[in-house]
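Enquirer: protein.txt is the file, holding compact mmCIF, C-alpha atoms:
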```
# COMPACT_ATOMS: atom_id res chain seq x y z
CA MET W 1 -22.26 -6.43 19.41
CA ARG W 2 -22.68 -9.84 17.78
CA ILE W 3 -19.94 -10.42 15.21
CA ALA W 4 -19.80 -13.36 12.80
CA ILE W 5 -16.38 -14.36 11.50
CA ILE W 6 -17.07 -16.25 8.28
CA GLY W 7 -14.22 -18.62 7.51
CA GLY W 8 -13.29 -18.06 11.14
CA THR W 9 -11.50 -21.37 11.61
CA GLY W 10 -8.69 -20.06 9.41
CA LYS W 11 -5.48 -18.35 10.51
CA GLU W 12 -6.90 -14.85 11.05
CA GLY W 13 -10.10 -15.96 12.72
CA GLY W 14 -8.77 -17.10 16.09
CA GLY W 15 -6.95 -13.87 16.94
CA LEU W 16 -9.87 -11.71 15.84
CA ALA W 17 -12.34 -13.83 17.83
CA ILE W 18 -10.36 -13.71 21.07
CA ARG W 19 -9.66 -9.99 20.86
CA TRP W 20 -13.25 -9.05 20.08
CA ALA W 21 -14.63 -11.42 22.72
CA ARG W 22 -12.32 -9.93 25.34
CA ALA W 23 -13.56 -6.49 24.33
CA GLY W 24 -17.09 -7.62 25.29
CA HIS W 25 -18.49 -8.68 21.94
CA VAL W 26 -20.24 -11.96 21.27
CA VAL W 27 -18.35 -13.69 18.46
CA VAL W 28 -19.79 -16.42 16.27
CA ILE W 29 -17.22 -18.37 14.30
CA GLY W 30 -18.54 -19.64 11.00
CA SER W 31 -17.19 -22.42 8.82
CA ARG W 32 -18.49 -24.50 5.95
CA ASP W 33 -18.36 -27.28 8.53
CA GLY W 34 -20.49 -26.20 11.50
CA ASP W 35 -19.02 -28.87 13.80
CA ARG W 36 -15.52 -27.68 13.10
CA ALA W 37 -16.55 -24.10 13.93
CA ARG W 38 -18.15 -25.21 17.20
CA GLU W 39 -15.00 -27.16 18.14
CA ARG W 40 -12.83 -24.15 17.38
CA ALA W 41 -15.13 -21.88 19.42
CA ALA W 42 -14.96 -24.27 22.37
CA GLU W 43 -11.18 -24.51 22.08
CA LEU W 44 -10.79 -20.71 22.07
CA THR W 45 -13.19 -20.35 24.99
CA ARG W 46 -11.28 -22.98 27.02
CA GLY W 47 -8.03 -21.19 26.29
CA HIS W 48 -9.25 -17.75 27.29
CA GLY W 49 -12.44 -18.26 29.31
CA ALA W 50 -10.76 -17.55 32.63
CA ILE W 51 -9.76 -14.06 31.58
CA ALA W 52 -11.86 -11.16 32.81
CA GLY W 53 -15.04 -13.10 33.50
CA GLY W 54 -15.02 -15.32 30.45
CA VAL W 55 -15.40 -14.71 26.77
CA GLN W 56 -18.37 -15.49 24.57
CA ILE W 57 -17.41 -17.35 21.44
CA GLU W 58 -19.89 -19.53 19.62
CA GLY W 59 -19.66 -21.56 16.42
CA GLY W 60 -21.81 -22.75 13.56
CA ASP W 61 -21.97 -23.12 9.81
CA ASN W 62 -21.39 -19.92 7.85
CA LEU W 63 -25.07 -19.25 7.14
CA SER W 64 -26.22 -19.63 10.74
CA ALA W 65 -23.22 -17.63 12.00
CA ALA W 66 -24.12 -14.79 9.63
CA SER W 67 -27.80 -15.00 10.62
CA ALA W 68 -26.96 -14.64 14.30
CA ALA W 69 -24.77 -11.55 13.87
CA GLU W 70 -25.14 -7.81 13.42
CA VAL W 71 -21.78 -7.44 11.71
CA VAL W 72 -20.30 -10.02 9.35
CA VAL W 73 -16.53 -10.35 8.85
CA LEU W 74 -15.38 -12.32 5.84
CA THR W 75 -11.99 -14.08 6.13
CA VAL W 76 -11.84 -16.72 3.41
CA PRO W 77 -9.29 -17.57 0.73
CA TYR W 78 -10.06 -15.69 -2.48
CA ALA W 79 -10.89 -18.98 -4.25
CA ALA W 80 -13.89 -19.36 -1.90
CA HIS W 81 -14.87 -15.67 -1.82
CA ALA W 82 -17.78 -15.41 -4.26
CA GLU W 83 -19.18 -18.83 -3.38
CA THR W 84 -19.14 -18.08 0.36
CA LEU W 85 -20.83 -14.71 -0.15
CA ARG W 86 -23.59 -16.34 -2.18
CA ALA W 87 -24.08 -18.95 0.53
CA ILE W 88 -24.62 -16.35 3.28
CA LEU W 89 -26.52 -13.87 1.12
CA PRO W 90 -29.97 -14.57 2.65
CA ALA W 91 -28.58 -13.78 6.12
CA ILE W 92 -26.66 -10.55 5.59
CA ALA W 93 -29.07 -8.07 3.98
CA GLY W 94 -28.60 -4.64 5.51
CA LYS W 95 -25.74 -5.75 7.79
CA VAL W 96 -22.27 -4.28 7.66
CA LEU W 97 -19.92 -6.65 5.82
CA ILE W 98 -16.22 -6.29 6.59
CA ASP W 99 -14.23 -7.99 3.84
CA VAL W 100 -10.71 -9.07 4.82
CA THR W 101 -10.18 -11.13 1.66
CA VAL W 102 -7.01 -10.65 -0.39
CA PRO W 103 -7.12 -11.89 -4.01
CA LEU W 104 -3.90 -13.89 -3.84
CA LYS W 105 -3.11 -16.28 -6.67
CA PRO W 106 -1.18 -19.25 -5.28
CA PRO W 107 1.58 -20.19 -5.60
CA LYS W 108 2.73 -16.65 -6.50
CA VAL W 109 1.42 -15.05 -3.32
CA SER W 110 4.07 -12.33 -3.20
CA ARG W 111 2.97 -10.89 -6.54
CA VAL W 112 -0.02 -8.56 -6.96
CA HIS W 113 -2.96 -10.27 -8.60
CA LEU W 114 -5.86 -8.04 -9.61
CA PRO W 115 -9.12 -9.99 -9.77
CA PRO W 116 -11.64 -9.35 -12.56
CA GLY W 117 -13.48 -6.79 -10.39
CA ARG W 118 -10.15 -5.12 -9.44
CA ALA W 119 -10.63 -5.86 -5.72
CA ALA W 120 -12.31 -8.63 -3.76
CA ALA W 121 -14.23 -6.02 -1.74
CA LEU W 122 -15.57 -4.38 -4.91
CA GLU W 123 -16.64 -7.80 -6.15
CA ALA W 124 -18.31 -8.42 -2.77
CA GLN W 125 -20.28 -5.18 -3.06
CA GLU W 126 -21.43 -6.27 -6.51
CA ILE W 127 -22.60 -9.62 -5.18
CA VAL W 128 -24.39 -8.38 -2.05
CA GLY W 129 -25.95 -5.31 -3.65
CA PRO W 130 -26.21 -1.72 -2.44
CA ALA W 131 -28.40 -2.43 0.62
CA THR W 132 -25.54 -4.28 2.34
CA PRO W 133 -22.63 -1.89 2.88
CA VAL W 134 -19.13 -3.34 2.47
CA ALA W 135 -15.94 -2.16 4.14
CA ALA W 136 -12.47 -3.49 3.25
CA ALA W 137 -10.14 -3.79 6.24
CA LEU W 138 -7.64 -5.84 8.22
CA HIS W 139 -5.54 -7.07 5.28
CA HIS W 140 -2.19 -6.18 6.84
CA VAL W 141 -2.24 -7.48 10.38
CA SER W 142 -0.16 -10.61 10.69
CA HIS W 143 -2.14 -13.51 12.19
CA ALA W 144 0.97 -14.34 14.20
CA HIS W 145 0.59 -11.01 16.02
CA LEU W 146 -3.18 -11.21 16.43
CA ALA W 147 -3.03 -14.69 17.93
CA ASP W 148 -1.40 -13.47 21.15
CA PRO W 149 -4.16 -11.32 22.66
CA ASP W 150 -1.69 -9.49 24.90
CA ALA W 151 0.64 -8.46 22.08
CA VAL W 152 0.33 -4.97 20.64
CA PRO W 153 1.00 -5.38 16.90
CA HIS W 154 2.96 -2.53 15.32
CA CYS W 155 0.48 -2.16 12.55
CA ASP W 156 -2.18 0.34 11.52
CA VAL W 157 -5.41 -0.85 9.95
CA LEU W 158 -6.71 0.91 6.86
CA VAL W 159 -10.48 0.90 6.33
CA ALA W 160 -11.95 1.63 2.89
CA ALA W 161 -15.71 2.13 2.59
CA ASP W 162 -18.26 4.18 0.70
CA ASP W 163 -20.90 3.86 3.41
CA GLU W 164 -20.59 5.87 6.62
CA ARG W 165 -22.06 3.16 8.87
CA ALA W 166 -19.72 0.54 7.40
CA ARG W 167 -16.77 2.87 7.94
CA THR W 168 -17.51 3.90 11.53
CA THR W 169 -18.48 0.36 12.58
CA SER W 170 -15.25 -1.01 11.12
CA LEU W 171 -13.09 1.68 12.72
CA ALA W 172 -14.71 1.04 16.12
CA LEU W 173 -14.14 -2.71 15.82
CA VAL W 174 -10.50 -2.10 14.85
CA ARG W 175 -10.06 -0.06 18.05
CA ASP W 176 -11.56 -2.97 20.00
CA LEU W 177 -8.79 -5.19 18.61
CA GLY W 178 -6.28 -2.84 20.24
CA LEU W 179 -5.20 -1.34 16.92
CA ARG W 180 -5.31 2.07 15.30
CA GLY W 181 -7.79 2.26 12.44
CA LEU W 182 -7.47 4.85 9.69
CA ASP W 183 -10.09 5.96 7.19
CA ALA W 184 -8.46 5.09 3.85
CA GLY W 185 -11.16 6.59 1.63
CA PRO W 186 -13.75 5.09 -0.71
CA LEU W 187 -14.28 1.36 -1.21
CA GLU W 188 -12.44 1.65 -4.52
CA ASN W 189 -9.27 2.16 -2.47
CA ALA W 190 -9.60 -1.50 -1.45
CA ILE W 191 -7.52 -2.00 -4.62
CA ALA W 192 -4.58 -0.41 -2.80
CA LEU W 193 -5.23 -2.19 0.50
CA GLU W 194 -5.59 -5.66 -0.99
CA SER W 195 -2.64 -5.31 -3.35
CA LEU W 196 -0.33 -4.29 -0.52
CA THR W 197 -0.61 -7.72 1.09
CA PRO W 198 1.50 -9.52 -1.56
CA VAL W 199 4.14 -6.82 -0.97
CA LEU W 200 4.12 -7.58 2.78
CA ILE W 201 4.43 -11.30 1.98
CA HIS W 202 7.39 -10.47 -0.26
CA LEU W 203 9.01 -8.41 2.52
CA ASN W 204 8.54 -11.31 4.97
CA LYS W 205 10.38 -13.67 2.64
CA ARG W 206 13.02 -11.23 1.44
CA TYR W 207 13.97 -9.92 4.89
CA LYS W 208 13.07 -13.02 6.95
CA SER W 209 10.52 -11.05 8.94
CA PRO W 210 8.11 -12.90 11.25
CA GLY W 211 5.35 -10.59 10.00
CA ALA W 212 6.05 -7.20 8.44
CA GLY W 213 3.51 -4.56 9.38
CA ILE W 214 2.69 -1.08 8.22
CA ILE W 215 2.54 2.16 10.20
CA PHE W 216 1.51 5.55 8.88
CA THR W 217 3.58 8.49 10.04
CA GLU W 218 2.68 12.16 10.43
CA ILE W 219 -0.90 11.32 11.37
CA PRO W 220 -1.86 13.47 14.37
CA GLU W 221 -1.84 11.70 17.78
CA GLY W 222 -5.14 10.46 19.09
CA THR W 223 -6.39 9.48 15.65
CA GLY W 224 -8.10 6.15 15.14
CA MET L 225 26.72 8.75 -11.08
CA ARG L 226 24.94 11.02 -13.55
CA ILE L 227 21.21 11.09 -12.83
CA ALA L 228 18.60 12.75 -15.03
CA ILE L 229 15.37 13.85 -13.37
CA ILE L 230 12.84 14.07 -16.19
CA GLY L 231 10.06 16.47 -15.26
CA GLY L 232 12.50 17.66 -12.62
CA THR L 233 11.11 21.19 -12.35
CA GLY L 234 8.03 19.74 -10.60
CA LYS L 235 7.42 19.37 -6.89
CA GLU L 236 9.43 16.18 -6.33
CA GLY L 237 12.36 17.13 -8.51
CA GLY L 238 13.98 19.80 -6.35
CA GLY L 239 14.29 17.68 -3.22
CA LEU L 240 15.59 14.68 -5.15
CA ALA L 241 18.13 16.84 -7.01
CA ILE L 242 19.54 18.47 -3.90
CA ARG L 243 19.78 15.26 -1.93
CA TRP L 244 21.47 13.31 -4.73
CA ALA L 245 23.82 16.19 -5.55
CA ARG L 246 24.85 16.43 -1.91
CA ALA L 247 25.55 12.69 -1.96
CA GLY L 248 28.09 13.33 -4.75
CA HIS L 249 26.04 12.59 -7.84
CA VAL L 250 25.81 14.86 -10.86
CA VAL L 251 22.14 15.68 -11.38
CA VAL L 252 20.65 16.88 -14.65
CA ILE L 253 17.19 18.37 -14.34
CA GLY L 254 15.08 17.87 -17.44
CA SER L 255 11.99 19.74 -18.54
CA ARG L 256 10.03 20.14 -21.75
CA ASP L 257 11.37 23.70 -21.57
CA GLY L 258 15.16 23.48 -21.40
CA ASP L 259 15.54 27.10 -20.27
CA ARG L 260 13.22 26.51 -17.36
CA ALA L 261 15.25 23.46 -16.32
CA ARG L 262 18.51 25.43 -16.50
CA GLU L 263 16.99 28.22 -14.38
CA ARG L 264 15.79 25.71 -11.80
CA ALA L 265 19.23 24.03 -11.73
CA ALA L 266 20.92 27.40 -11.19
CA GLU L 267 18.44 28.29 -8.46
CA LEU L 268 19.04 25.02 -6.61
CA THR L 269 22.81 25.36 -6.98
CA ARG L 270 22.73 28.94 -5.60
CA GLY L 271 20.64 27.77 -2.65
CA HIS L 272 22.89 24.86 -1.76
CA GLY L 273 26.22 25.42 -3.50
CA ALA L 274 27.98 26.53 -0.34
CA ILE L 275 27.32 23.22 1.37
CA ALA L 276 30.13 20.69 1.46
CA GLY L 277 32.09 22.03 -1.46
CA GLY L 278 29.24 22.73 -3.83
CA VAL L 279 26.72 20.59 -5.60
CA GLN L 280 26.55 19.75 -9.28
CA ILE L 281 23.12 20.33 -10.73
CA GLU L 282 22.66 20.97 -14.44
CA GLY L 283 19.57 21.53 -16.58
CA GLY L 284 18.31 20.95 -20.09
CA ASP L 285 15.37 19.72 -22.11
CA ASN L 286 14.19 16.20 -21.27
CA LEU L 287 15.92 14.53 -24.20
CA SER L 288 19.34 16.09 -23.58
CA ALA L 289 19.03 15.47 -19.83
CA ALA L 290 18.30 11.79 -20.49
CA SER L 291 21.17 11.59 -23.00
CA ALA L 292 23.64 12.94 -20.48
CA ALA L 293 22.72 10.51 -17.70
CA GLU L 294 23.40 6.92 -16.68
CA VAL L 295 20.19 6.62 -14.69
CA VAL L 296 16.91 8.28 -15.68
CA VAL L 297 14.27 9.18 -13.09
CA LEU L 298 10.80 9.95 -14.39
CA THR L 299 8.69 12.37 -12.31
CA VAL L 300 5.88 13.64 -14.53
CA PRO L 301 2.11 13.85 -14.11
CA TYR L 302 0.45 10.72 -15.46
CA ALA L 303 -1.18 12.74 -18.26
CA ALA L 304 2.33 13.37 -19.70
CA HIS L 305 3.76 9.92 -18.92
CA ALA L 306 3.58 8.07 -22.24
CA GLU L 307 4.35 11.16 -24.31
CA THR L 308 7.42 12.02 -22.23
CA LEU L 309 8.73 8.45 -22.44
CA ARG L 310 8.38 8.47 -26.22
CA ALA L 311 10.22 11.78 -26.40
CA ILE L 312 13.27 10.48 -24.47
CA LEU L 313 13.20 6.97 -25.97
CA PRO L 314 16.26 7.47 -28.25
CA ALA L 315 18.35 8.49 -25.22
CA ILE L 316 17.52 5.81 -22.64
CA ALA L 317 18.20 2.45 -24.30
CA GLY L 318 19.87 0.12 -21.80
CA LYS L 319 19.77 2.65 -18.96
CA VAL L 320 17.97 2.07 -15.67
CA LEU L 321 14.65 3.92 -15.67
CA ILE L 322 13.19 4.73 -12.25
CA ASP L 323 9.51 5.55 -12.66
CA VAL L 324 8.01 7.68 -9.87
CA THR L 325 4.77 8.32 -11.76
CA VAL L 326 1.43 7.75 -10.03
CA PRO L 327 -1.61 7.35 -12.30
CA LEU L 328 -3.78 9.91 -10.50
CA LYS L 329 -6.97 11.04 -12.17
CA PRO L 330 -7.65 14.68 -11.22
CA PRO L 331 -9.70 15.98 -9.58
CA LYS L 332 -10.29 12.71 -7.65
CA VAL L 333 -6.70 12.30 -6.55
CA SER L 334 -7.54 10.50 -3.29
CA ARG L 335 -9.22 7.64 -5.14
CA VAL L 336 -7.31 4.74 -6.74
CA HIS L 337 -7.27 4.95 -10.52
CA LEU L 338 -5.90 1.94 -12.36
CA PRO L 339 -4.58 2.90 -15.79
CA PRO L 340 -5.16 0.64 -18.82
CA GLY L 341 -1.84 -1.14 -18.22
CA ARG L 342 -2.66 -1.52 -14.47
CA ALA L 343 0.38 0.54 -13.41
CA ALA L 344 2.29 3.44 -14.94
CA ALA L 345 5.56 1.53 -14.46
CA LEU L 346 4.19 -1.52 -16.32
CA GLU L 347 3.10 0.80 -19.13
CA ALA L 348 6.59 2.35 -19.11
CA GLN L 349 8.20 -1.07 -19.47
CA GLU L 350 5.91 -1.76 -22.46
CA ILE L 351 6.92 1.51 -24.09
CA VAL L 352 10.68 1.30 -23.54
CA GLY L 353 10.99 -2.43 -24.29
CA PRO L 354 12.88 -5.18 -22.46
CA ALA L 355 16.39 -3.79 -23.03
CA THR L 356 15.69 -0.82 -20.74
CA PRO L 357 14.95 -2.08 -17.22
CA VAL L 358 12.30 -0.21 -15.26
CA ALA L 359 12.01 0.12 -11.49
CA ALA L 360 9.04 1.69 -9.71
CA ALA L 361 9.95 3.67 -6.60
CA LEU L 362 9.60 6.85 -4.55
CA HIS L 363 5.81 7.19 -4.76
CA HIS L 364 5.29 7.76 -1.04
CA VAL L 365 7.83 10.36 0.04
CA SER L 366 6.18 13.71 0.53
CA HIS L 367 7.86 16.46 -1.52
CA ALA L 368 7.46 18.70 1.53
CA HIS L 369 9.85 16.41 3.44
CA LEU L 370 12.30 15.92 0.58
CA ALA L 371 12.64 19.65 -0.01
CA ASP L 372 14.48 20.23 3.27
CA PRO L 373 17.72 18.34 2.67
CA ASP L 374 18.46 18.15 6.40
CA ALA L 375 15.12 16.61 7.35
CA VAL L 376 14.94 12.85 7.84
CA PRO L 377 11.53 11.84 6.48
CA HIS L 378 9.79 9.10 8.45
CA CYS L 379 9.11 7.10 5.35
CA ASP L 380 10.39 3.90 3.79
CA VAL L 381 10.78 3.61 0.04
CA LEU L 382 9.49 0.51 -1.72
CA VAL L 383 11.25 -0.52 -4.93
CA ALA L 384 9.56 -2.88 -7.39
CA ALA L 385 11.60 -4.26 -10.29
CA ASP L 386 12.04 -7.40 -12.34
CA ASP L 387 15.64 -6.59 -13.28
CA GLU L 388 18.41 -7.02 -10.72
CA ARG L 389 20.42 -4.01 -11.93
CA ALA L 390 17.35 -1.77 -11.84
CA ARG L 391 16.56 -2.96 -8.31
CA THR L 392 20.04 -2.60 -6.82
CA THR L 393 20.68 0.76 -8.52
CA SER L 394 17.36 2.09 -7.22
CA LEU L 395 17.94 0.82 -3.68
CA ALA L 396 21.40 2.43 -3.63
CA LEU L 397 20.02 5.75 -4.84
CA VAL L 398 17.28 5.62 -2.18
CA ARG L 399 19.98 5.19 0.48
CA ASP L 400 21.75 8.24 -0.98
CA LEU L 401 18.57 10.25 -0.35
CA GLY L 402 18.91 9.37 3.34
CA LEU L 403 16.01 6.92 3.26
CA ARG L 404 15.54 3.21 3.79
CA GLY L 405 14.78 1.34 0.59
CA LEU L 406 13.00 -2.01 0.61
CA ASP L 407 12.80 -4.58 -2.16
CA ALA L 408 9.04 -4.81 -2.80
CA GLY L 409 9.19 -7.62 -5.35
CA PRO L 410 8.52 -7.81 -9.08
CA LEU L 411 7.62 -4.82 -11.25
CA GLU L 412 4.02 -6.02 -11.22
CA ASN L 413 3.90 -4.95 -7.57
CA ALA L 414 4.09 -1.37 -8.83
CA ILE L 415 0.29 -1.76 -8.89
CA ALA L 416 0.36 -1.79 -5.08
CA LEU L 417 2.95 0.99 -4.79
CA GLU L 418 1.24 3.38 -7.17
CA SER L 419 -2.25 2.76 -5.80
CA LEU L 420 -1.14 3.50 -2.25
CA THR L 421 -0.46 7.15 -3.12
CA PRO L 422 -4.16 8.13 -3.41
CA VAL L 423 -4.64 6.54 0.02
CA LEU L 424 -1.85 8.73 1.44
CA ILE L 425 -3.46 11.78 -0.20
CA HIS L 426 -6.75 10.78 1.43
CA LEU L 427 -5.04 10.43 4.83
CA ASN L 428 -3.49 13.89 4.42
CA LYS L 429 -6.90 15.44 3.84
CA ARG L 430 -8.84 13.37 6.34
CA TYR L 431 -6.40 13.83 9.23
CA LYS L 432 -4.93 17.20 8.22
CA SER L 433 -1.45 15.71 7.94
CA PRO L 434 1.36 17.75 6.38
CA GLY L 435 2.46 14.61 4.55
CA ALA L 436 1.57 11.12 5.77
CA GLY L 437 4.34 8.60 5.27
CA ILE L 438 4.65 4.85 5.50
CA ILE L 439 7.00 2.75 7.63
CA PHE L 440 7.32 -1.02 7.57
CA THR L 441 7.67 -2.69 10.94
CA GLU L 442 9.31 -5.98 11.91
CA ILE L 443 11.92 -5.65 9.19
CA PRO L 444 15.31 -6.51 10.71
CA GLU L 445 17.57 -3.54 11.60
CA GLY L 446 20.24 -2.63 9.12
CA THR L 447 18.07 -3.43 6.13
CA GLY L 448 17.92 -1.08 3.17
```
Any chance you could put this one into structure tokens?
Expert:
Amino acid sequence: MRIAIIGGTGKEGGGLAIRWARAGHVVVIGSRDGDRARERAAELTRGHGAIAGGVQIEGGDNLSAASAAEVVVLTVPYAAHAETLRAILPAIAGKVLIDVTVPLKPPKVSRVHLPPGRAAALEAQEIVGPATPVAAALHHVSHAHLADPDAVPHCDVLVAADDERARTTSLALVRDLGLRGLDAGPLENAIALESLTPVLIHLNKRYKSPGAGIIFTEIPEGTG
Amino acid sequence: MRIAIIGGTGKEGGGLAIRWARAGHVVVIGSRDGDRARERAAELTRGHGAIAGGVQIEGGDNLSAASAAEVVVLTVPYAAHAETLRAILPAIAGKVLIDVTVPLKPPKVSRVHLPPGRAAALEAQEIVGPATPVAAALHHVSHAHLADPDAVPHCDVLVAADDERARTTSLALVRDLGLRGLDAGPLENAIALESLTPVLIHLNKRYKSPGAGIIFTEIPEGTG
């Protein structure tokens, strides 16, 4: 599958790109600055190209990355969320959009901040319209854990979506990251998923954790 | 410590009462119907009185239960939340109020519902005023697990509070339940805690779990 990671030069992007590329996907890193995305793609490929026959990671500006992909993953700071979505709008109609955005309000990033639309993913669905199904996912995996492709993060991934294709595509891509994905209900539940991230940031500070994660218990084995 | 459990004849109340009573606290179960609360207290005492020299569980109407206690725990359906708080208001000034309420909107209880004040606990703080510190806690422990006082639920307990006394009192009482309590940040983070409960309800249905719980990973040992 061809996956675009919009805002993919950020902290989360590298780990996602490497893990998906190693699982056999073609990953296109997008950035406002296409050159920067291409550099990052080349850097990641150099670092991991020797593994298992090479990995395919490309780069480009956000719009061309989105155009080239079947699934679009959005990992931008909340301040750039709406603007970035509008910029890639012509390229994403009908594609599954996986929104990883958390509406943090710097500098108080360990305090829940509800955006006007209650969740970034709900705002995204408003912007892209009903023909482009949105899933909210991957808010709780520490980038520190993702960055080492051989590490197995102790963290489940909740996926909220109204659309069945968005849900199943997201859950399959979570499995390809080496993580357990769980169906967390309708897209409205993105409110819960997004607002848990400031709590994890608080736990990291309060308990000096390198990256607190979340695991759900009493879920039957073999799920996800 | 004397602990009132307001709405204590409900599902959560029994398990909390037994566990705190066994830890040496005096528990007063409150209900709108004082007779019903006294019956429930007698029933719980009969069931567990033989253990470790007896347990002290009393009962009464909500107002007298709150009057008799140093710490007040609120476990009512959201529909009765504001009304119950107003009824016990004369009895709780200056006491720590632990709000367990989740703003569910039946019948869609596996979908996040943000109340007008964004969280039941934030609404509680508005109602009781600044002299009565509110903590939000215990939203994620399945009553099925609490009810067996010898079971060790695989579930952490997040505590959100602005007030230091409310936070430390709540964390200590969580430990007395046999659970790990974690400081989840300011009371505003109750938004995250409360909205996670519909997700857990969804997981229970979706994966046929007897009571999904939540554990935080990469928190140093000995915490809580």
Enquirer: Using only C-alpha atoms, pick whichever of W:His154, W:Gly181, W:Arg36, W:Glu123 has the shortest atom-to-atom distance to chain L.
Expert: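 The shortest atom-to-atom distance to chain L comes from W:His154.
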Enquirer: Could you check which of W:Ala192, W:Val141, W:Ala135, W:Leu173 is closest to Ala161 of chain W, using only C-alpha atoms?
Expert: W:Ala135
Enquirer: What is the distance between atom CA of Ala414 of chain L and atom CA of Ala343 of chain L, in Å to one decimal?
Expert: 6.2 Å
Enquirer: Find, counting all atoms listed in the file, the residue in L:Arg262, L:Arg389, L:His337, L:Arg243 that gets nearest to Ile227 of chain L.
Expert: L:Arg243
Enquirer: Any idea what's packed within 10 Å of Leu146 of chain W, counting only C-alpha atoms, ignoring anything in its chain fewer than 5 positions away? Could you give it as a PDB file with C-alpha atoms, keeping the file's coordinate frame?
Expert:
```pdb
ATOM      1  CA  LYS W  11      -5.480 -18.350  10.510  1.00  0.00           C
ATOM      2  CA  GLU W  12      -6.900 -14.850  11.050  1.00  0.00           C
ATOM      3  CA  GLY W  13     -10.100 -15.960  12.720  1.00  0.00           C
ATOM      4  CA  GLY W  14      -8.770 -17.100  16.090  1.00  0.00           C
ATOM      5  CA  GLY W  15      -6.950 -13.870  16.940  1.00  0.00           C
ATOM      6  CA  LEU W  16      -9.870 -11.710  15.840  1.00  0.00           C
ATOM      7  CA  ALA W  17     -12.340 -13.830  17.830  1.00  0.00           C
ATOM      8  CA  ILE W  18     -10.360 -13.710  21.070  1.00  0.00           C
ATOM      9  CA  ARG W  19      -9.660  -9.990  20.860  1.00  0.00           C
ATOM     10  CA  VAL W 141      -2.240  -7.480  10.380  1.00  0.00           C
ATOM     11  CA  ALA W 151       0.640  -8.460  22.080  1.00  0.00           C
ATOM     12  CA  VAL W 152       0.330  -4.970  20.640  1.00  0.00           C
ATOM     13  CA  PRO W 153       1.000  -5.380  16.900  1.00  0.00           C
ATOM     14  CA  LEU W 177      -8.790  -5.190  18.610  1.00  0.00           C
ATOM     15  CA  GLY W 178      -6.280  -2.840  20.240  1.00  0.00           C
TER      16      GLY W 178
END
```
Enquirer: One number please: atom CA of Glu70 of chain W to atom CA of Arg46 of chain W, in Å, one decimal.
Expert: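 Value for the atom CA of Glu70 of chain W-atom CA of Arg46 of chain W distance: 24.6 Å.
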Enquirer: How many Å lie between atom CA of Val55 of chain W and atom CA of Ile6 of chain W, rounded to one decimal?
Expert: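 Those two atoms sit 18.6 Å apart.
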Enquirer: Grab all the atoms of segment 404-419 of chain L that the file lists, wrap them in a box along x, y and z, add 4 Å per side, and give me centre plus edge lengths in Å (one decimal) as JSON.
Expert:
```
{"center_x": 6.6, "center_y": -2.2, "center_z": -3.7, "size_x": 25.8, "size_y": 19.2, "size_z": 23.0}
```
Enquirer: Give me the residues within 10 Å of Asp259 of chain L as a PyMOL selection string, counting only C-alpha atoms and dropping any in the same chain fewer than 6 places off.
Expert: chain L and resi 265+283-285
Enquirer: I'd like to know which of W:Val28, W:Val109, W:Leu97, W:Ala144 is closest to Ile127 of chain W, using only C-alpha atoms.
Expert: W:Leu97
Enquirer: Have a look at L:Ile316, L:Ile229, L:Ala261, L:Ala348 and name the one nearest to Leu298 of chain L; count only C-alpha atoms.
Expert: L:Ile229
Enquirer: So which residues touch Val157 of chain W within 8 Å, counting only C-alpha atoms, skipping near sequence neighbours fewer than 5 positions away, as a list in words?
Expert: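 Returned residues: Ala137, Leu138, His139, His140, Val141, Val174, Leu179, Arg180, Gly181 and Leu182 of chain W.
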Enquirer: Okay, now the selection with C-alpha atoms, as a PDB file, keeping the file's coordinate frame?
Expert:
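selection-v5.pdb written:
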```pdb
ATOM      1  CA  ALA W 137     -10.140  -3.790   6.240  1.00  0.00           C
ATOM      2  CA  LEU W 138      -7.640  -5.840   8.220  1.00  0.00           C
ATOM      3  CA  HIS W 139      -5.540  -7.070   5.280  1.00  0.00           C
ATOM      4  CA  HIS W 140      -2.190  -6.180   6.840  1.00  0.00           C
ATOM      5  CA  VAL W 141      -2.240  -7.480  10.380  1.00  0.00           C
ATOM      6  CA  VAL W 174     -10.500  -2.100  14.850  1.00  0.00           C
ATOM      7  CA  LEU W 179      -5.200  -1.340  16.920  1.00  0.00           C
ATOM      8  CA  ARG W 180      -5.310   2.070  15.300  1.00  0.00           C
ATOM      9  CA  GLY W 181      -7.790   2.260  12.440  1.00  0.00           C
ATOM     10  CA  LEU W 182      -7.470   4.850   9.690  1.00  0.00           C
TER      11      LEU W 182
END
```
